[in-house]
Amino acid sequence: MVAMNRAQFFKELLPGINKLFGLEYKTYDNQWKELYEVQSSDRSFEEETKLAGLGQALRKDEGMGVSYDAGQEAWTSRYDHETFALAFALTEEAMEDNLYDNLIKRYTKTLARAFAYAKETKAVVPFNNGFTAYTVGDAQNLFSTAHPLVSGGTNANRPVVAVDLNETAIENMAIQIAAWTDERGLLIAARPKKMIIPPGLQFVATRLLETQNRVGTADNDISAIYSNGTIPGGYTVNNYLTDADAWFIQTDVPNGMKHFERVALKMSMDGDFDTGNVRYKGRTRYSFGNSEPLGVWGSPGA
């Protein structure tokens, strides 16, 4: 354990300091809440299993027997909770020399900020790695052209050819989502709900979603995206996304992105008898993941 001591804060012991700064930056807090359904957990891990329903009803000819079908489990998603902890300590001498109040007030706020930042960066891992290195319950990447179905078919929640955010790409995305089926190949009524983008795409998104006429064309056509309400929830900017041209769509298919909170953030302190140091610690435990890949759609950009 390394405790913060007087030598590290020598200037604060001298008269004449006008301002201490460097810990007051604003942060992009709680952006993860726009991406996930939040649930509590009282277990060491959580599992969610997708079920396959029955297939289409079949014609029964006169005098013939009825056809039978059977449901089954498709796959299981597992959420392994991770623990996050961080601490700092202050020496007994620093507390005696009037550093206690200033340092504790400032660094307990910094401790909370460190946990908030960790949560934001952890939350976007499925999005940042979902095209290449983040697999879900069906053993495919979160964003895949071949999510397997019990019926033998597949669903795609990304374009075959990666595309940038534009009018045609949004239209094709909506058409692709409308073609999704359940595990037995029956169409489901899936629709786009909200767009998730990095900061660099917010101006493009505003023009595409909030303009009544088409953008970037000499034609005076109406914007079908705007008129049809293709993305009714508009867009949300996430500053922790690492790919500047990747864009995502949250759909109305339930049980998509899930966040399980096992232990909420707790702050604690205690004193060390031998040194007289005072220690401050924060600890939390949670998991982020996906149960139903059709809850999201994404493109890594061209």
# chains A, B, ... in the order shown; residues from 1 in each chain; ligands from 1
$ select_by_dssp --residues "range 174-237 of chain A" --states "strand (DSSP E or B)" --output "PyMOL selection string"
chain A and resi 181+187+192-197+213+222+235-237
$ residues_around --residues "Asp252 in chain A" --least-positions-apart "2" --cutoff "8 Å" --atoms "only C-alpha atoms" --output "list in words"
Ala190, Arg191, Pro192, Lys193, Gln250, Pro254 and Gly295 of chain A
$ write_last_selection --atoms "N, CA and C atoms" --output "CSV table (one decimal), in the first residue's frame"
chain,number,residue,atom,x,y,z
A,190,ALA,N,-40.4,-7.3,-36.0
A,190,ALA,CA,-39.3,-6.5,-35.5
A,190,ALA,C,-39.2,-5.2,-36.2
A,191,ARG,N,-38.8,-4.2,-35.4
A,191,ARG,CA,-38.6,-2.8,-35.9
A,191,ARG,C,-37.5,-2.1,-35.3
A,192,PRO,N,-36.8,-1.2,-36.0
A,192,PRO,CA,-35.8,-0.4,-35.4
A,192,PRO,C,-36.4,0.5,-34.3
A,193,LYS,N,-35.6,0.9,-33.3
A,193,LYS,CA,-36.2,1.7,-32.2
A,193,LYS,C,-35.3,2.9,-32.0
A,250,GLN,N,-30.7,0.0,-31.9
A,250,GLN,CA,-31.4,-0.8,-30.9
A,250,GLN,C,-32.8,-1.1,-31.5
A,254,PRO,N,-37.2,-8.0,-27.6
A,254,PRO,CA,-36.9,-8.0,-26.2
A,254,PRO,C,-35.7,-8.9,-25.8
A,295,GLY,N,-31.8,-8.1,-30.6
A,295,GLY,CA,-32.1,-6.8,-29.9
A,295,GLY,C,-31.3,-5.6,-30.4
$ residues_around --residues "range 206-216 of chain A" --least-positions-apart "6" --cutoff "12 Å" --atoms "only C-alpha atoms" --output "list of chain:residue names"
A:Leu165, A:Asn166, A:Glu167, A:Thr168, A:Ala169, A:Ile170, A:Glu171, A:Lys194, A:Met195, A:Ile197, A:Pro199, A:Gly200, A:Ile222, A:Ser223, A:Ala224, A:Ile225, A:Tyr226, A:Ser227, A:Asn228, A:Gly229, A:Thr230, A:Ile231, A:Pro232, A:Gly233, A:Gly234, A:Tyr235, A:Thr236, A:Val237
$ write_last_selection --atoms "N, CA and C atoms" --output "short mmCIF file (atom, residue, chain, number, x, y, z; two decimals), in the first residue's frame"
data_model
loop_
_atom_site.label_atom_id
_atom_site.label_comp_id
_atom_site.auth_asym_id
_atom_site.auth_seq_id
_atom_site.Cartn_x
_atom_site.Cartn_y
_atom_site.Cartn_z
N LEU A 165 -23.04 5.34 -42.48
CA LEU A 165 -24.36 5.85 -42.16
C LEU A 165 -24.83 6.79 -43.26
N ASN A 166 -25.87 6.38 -43.98
CA ASN A 166 -26.46 7.22 -45.02
C ASN A 166 -27.91 6.79 -45.24
N GLU A 167 -28.60 7.48 -46.12
CA GLU A 167 -30.02 7.23 -46.33
C GLU A 167 -30.28 5.79 -46.81
N THR A 168 -29.54 5.36 -47.82
CA THR A 168 -29.74 4.01 -48.36
C THR A 168 -29.45 2.94 -47.32
N ALA A 169 -28.41 3.16 -46.53
CA ALA A 169 -28.04 2.18 -45.50
C ALA A 169 -29.14 2.04 -44.46
N ILE A 170 -29.76 3.15 -44.06
CA ILE A 170 -30.85 3.10 -43.08
C ILE A 170 -32.04 2.35 -43.67
N GLU A 171 -32.38 2.63 -44.92
CA GLU A 171 -33.51 1.94 -45.55
C GLU A 171 -33.26 0.44 -45.64
N LYS A 194 -33.98 2.78 -31.86
CA LYS A 194 -33.11 3.93 -31.57
C LYS A 194 -31.74 3.69 -32.18
N MET A 195 -31.12 4.76 -32.64
CA MET A 195 -29.78 4.69 -33.21
C MET A 195 -28.75 5.03 -32.15
N ILE A 197 -24.68 6.01 -31.83
CA ILE A 197 -23.59 6.47 -32.69
C ILE A 197 -22.46 7.09 -31.88
N PRO A 199 -19.58 10.22 -31.42
CA PRO A 199 -19.78 11.67 -31.55
C PRO A 199 -19.66 12.19 -32.98
N GLY A 200 -18.77 11.61 -33.76
CA GLY A 200 -18.52 12.12 -35.10
C GLY A 200 -19.66 11.95 -36.07
N ILE A 222 -39.80 13.81 -50.47
CA ILE A 222 -39.87 13.75 -49.02
C ILE A 222 -38.88 12.71 -48.50
N SER A 223 -38.51 12.85 -47.25
CA SER A 223 -37.65 11.85 -46.61
C SER A 223 -38.53 10.72 -46.11
N ALA A 224 -38.40 9.55 -46.71
CA ALA A 224 -39.18 8.39 -46.27
C ALA A 224 -38.79 7.99 -44.85
N ILE A 225 -37.52 8.20 -44.48
CA ILE A 225 -37.07 7.85 -43.14
C ILE A 225 -37.79 8.71 -42.11
N TYR A 226 -37.91 10.01 -42.40
CA TYR A 226 -38.59 10.93 -41.49
C TYR A 226 -40.10 10.67 -41.49
N SER A 227 -40.70 10.56 -42.68
CA SER A 227 -42.15 10.43 -42.79
C SER A 227 -42.66 9.11 -42.21
N ASN A 228 -41.89 8.04 -42.39
CA ASN A 228 -42.31 6.73 -41.88
C ASN A 228 -41.98 6.53 -40.41
N GLY A 229 -41.24 7.45 -39.83
CA GLY A 229 -40.81 7.25 -38.44
C GLY A 229 -39.98 5.99 -38.31
N THR A 230 -39.05 5.80 -39.24
CA THR A 230 -38.28 4.55 -39.30
C THR A 230 -37.52 4.27 -38.00
N ILE A 231 -36.98 5.33 -37.38
CA ILE A 231 -36.26 5.17 -36.12
C ILE A 231 -36.94 6.09 -35.11
N PRO A 232 -38.01 5.63 -34.47
CA PRO A 232 -38.84 6.52 -33.64
C PRO A 232 -38.12 7.09 -32.43
N GLY A 233 -37.11 6.43 -31.93
CA GLY A 233 -36.40 6.91 -30.75
C GLY A 233 -35.28 7.87 -31.04
N GLY A 234 -35.12 8.22 -32.34
CA GLY A 234 -34.03 9.13 -32.69
C GLY A 234 -32.67 8.50 -32.48
N TYR A 235 -31.71 9.29 -32.04
CA TYR A 235 -30.36 8.74 -31.81
C TYR A 235 -29.82 9.18 -30.46
N THR A 236 -28.87 8.40 -29.97
CA THR A 236 -28.13 8.75 -28.76
C THR A 236 -26.64 8.65 -29.06
N VAL A 237 -25.89 9.60 -28.56
CA VAL A 237 -24.44 9.62 -28.77
C VAL A 237 -23.76 8.93 -27.61
#
$ atom_distance --atom1 "CA of Glu46 in chain A" --atom2 "CA of Ala264 in chain A"
16.3 Å
$ residues_around --residues "Val125 in chain A" --least-positions-apart "5" --cutoff "10 Å" --atoms "only C-alpha atoms" --output "PyMOL selection string"
chain A and resi 120+130+133-134+240-242+288-289
$ write_last_selection --atoms "N, CA and C atoms" --output "JSON list (two decimals), in the first residue's frame"
[["chain", "number", "residue", "atom", "x", "y", "z"],
["A", 120, "GLU", "N", -18.54, 2.81, -17.89],
["A", 120, "GLU", "CA", -18.83, 3.24, -19.26],
["A", 120, "GLU", "C", -18.00, 2.46, -20.28],
["A", 130, "GLY", "N", -17.95, -6.23, -31.13],
["A", 130, "GLY", "CA", -19.02, -7.12, -31.56],
["A", 130, "GLY", "C", -18.95, -7.63, -32.98],
["A", 133, "ALA", "N", -14.77, -9.94, -32.20],
["A", 133, "ALA", "CA", -14.20, -10.65, -31.05],
["A", 133, "ALA", "C", -15.12, -10.72, -29.84],
["A", 134, "TYR", "N", -16.42, -10.56, -30.01],
["A", 134, "TYR", "CA", -17.34, -10.69, -28.89],
["A", 134, "TYR", "C", -18.46, -11.63, -29.29],
["A", 240, "TYR", "N", -17.92, 6.75, -25.73],
["A", 240, "TYR", "CA", -16.95, 5.70, -25.42],
["A", 240, "TYR", "C", -16.81, 4.69, -26.56],
["A", 241, "LEU", "N", -17.58, 4.85, -27.62],
["A", 241, "LEU", "CA", -17.41, 4.01, -28.80],
["A", 241, "LEU", "C", -16.09, 4.37, -29.47],
["A", 242, "THR", "N", -15.32, 3.36, -29.88],
["A", 242, "THR", "CA", -13.97, 3.61, -30.38],
["A", 242, "THR", "C", -13.88, 3.70, -31.90],
["A", 288, "PHE", "N", -22.12, -7.05, -17.99],
["A", 288, "PHE", "CA", -22.80, -6.58, -19.20],
["A", 288, "PHE", "C", -22.77, -7.70, -20.22],
["A", 289, "GLY", "N", -23.83, -7.80, -21.04],
["A", 289, "GLY", "CA", -23.82, -8.81, -22.08],
["A", 289, "GLY", "C", -25.07, -8.77, -22.94]]
$ closest_residue --among "A:Tyr280, A:Phe88, A:Tyr68, A:Trp75" --to "Ala3 in chain A" --atoms "only C-alpha atoms"
A:Phe88
$ select_by_dssp --residues "range 147-215 of chain A" --states "alpha helix (DSSP H)" --output "PDB file with C-alpha atoms, in the first residue's frame"
ATOM      1  CA  GLU A 167     -30.018   7.226 -46.332  1.00  0.00           C
ATOM      2  CA  THR A 168     -29.744   4.010 -48.357  1.00  0.00           C
ATOM      3  CA  ALA A 169     -28.037   2.181 -45.501  1.00  0.00           C
ATOM      4  CA  ILE A 170     -30.851   3.096 -43.085  1.00  0.00           C
ATOM      5  CA  GLU A 171     -33.508   1.943 -45.555  1.00  0.00           C
ATOM      6  CA  ASN A 172     -31.722  -1.375 -46.155  1.00  0.00           C
ATOM      7  CA  MET A 173     -31.287  -1.847 -42.401  1.00  0.00           C
ATOM      8  CA  ALA A 174     -35.033  -1.462 -41.842  1.00  0.00           C
ATOM      9  CA  ILE A 175     -35.788  -3.917 -44.653  1.00  0.00           C
ATOM     10  CA  GLN A 176     -33.319  -6.448 -43.230  1.00  0.00           C
ATOM     11  CA  ILE A 177     -34.814  -6.203 -39.747  1.00  0.00           C
ATOM     12  CA  ALA A 178     -38.331  -6.658 -41.161  1.00  0.00           C
ATOM     13  CA  GLN A 202     -24.199  13.109 -34.695  1.00  0.00           C
ATOM     14  CA  PHE A 203     -24.450  15.745 -37.425  1.00  0.00           C
ATOM     15  CA  VAL A 204     -25.054  13.128 -40.121  1.00  0.00           C
ATOM     16  CA  ALA A 205     -27.702  11.495 -37.922  1.00  0.00           C
ATOM     17  CA  THR A 206     -29.473  14.796 -37.300  1.00  0.00           C
ATOM     18  CA  ARG A 207     -29.713  15.541 -41.016  1.00  0.00           C
ATOM     19  CA  LEU A 208     -30.956  12.037 -41.854  1.00  0.00           C
ATOM     20  CA  LEU A 209     -33.491  11.617 -39.056  1.00  0.00           C
ATOM     21  CA  GLU A 210     -34.817  15.125 -38.527  1.00  0.00           C
TER      22      GLU A 210
END
$ closest_residue --among "A:Gly137, A:Gly153, A:Pro159, A:Gly71" --to "Gly185 in chain A" --atoms "only C-alpha atoms"
A:Gly153
$ residues_around --residues "Arg78 in chain A" --least-positions-apart "3" --cutoff "10 Å" --atoms "only C-alpha atoms" --output "list in words"
Phe45, Glu46, Glu47, Glu48, Thr49, His81, Val136, Gly137, Ser287, Gly289, Asn290 and Ser291 of chain A
$ atom_distance --atom1 "CA of Phe260 in chain A" --atom2 "CA of Thr121 in chain A"
15.8 Å
$ closest_residue --among "A:Leu265, A:Phe143, A:Leu51, A:Asp80" --to "Asn128 in chain A" --atoms "only C-alpha atoms"
A:Phe143
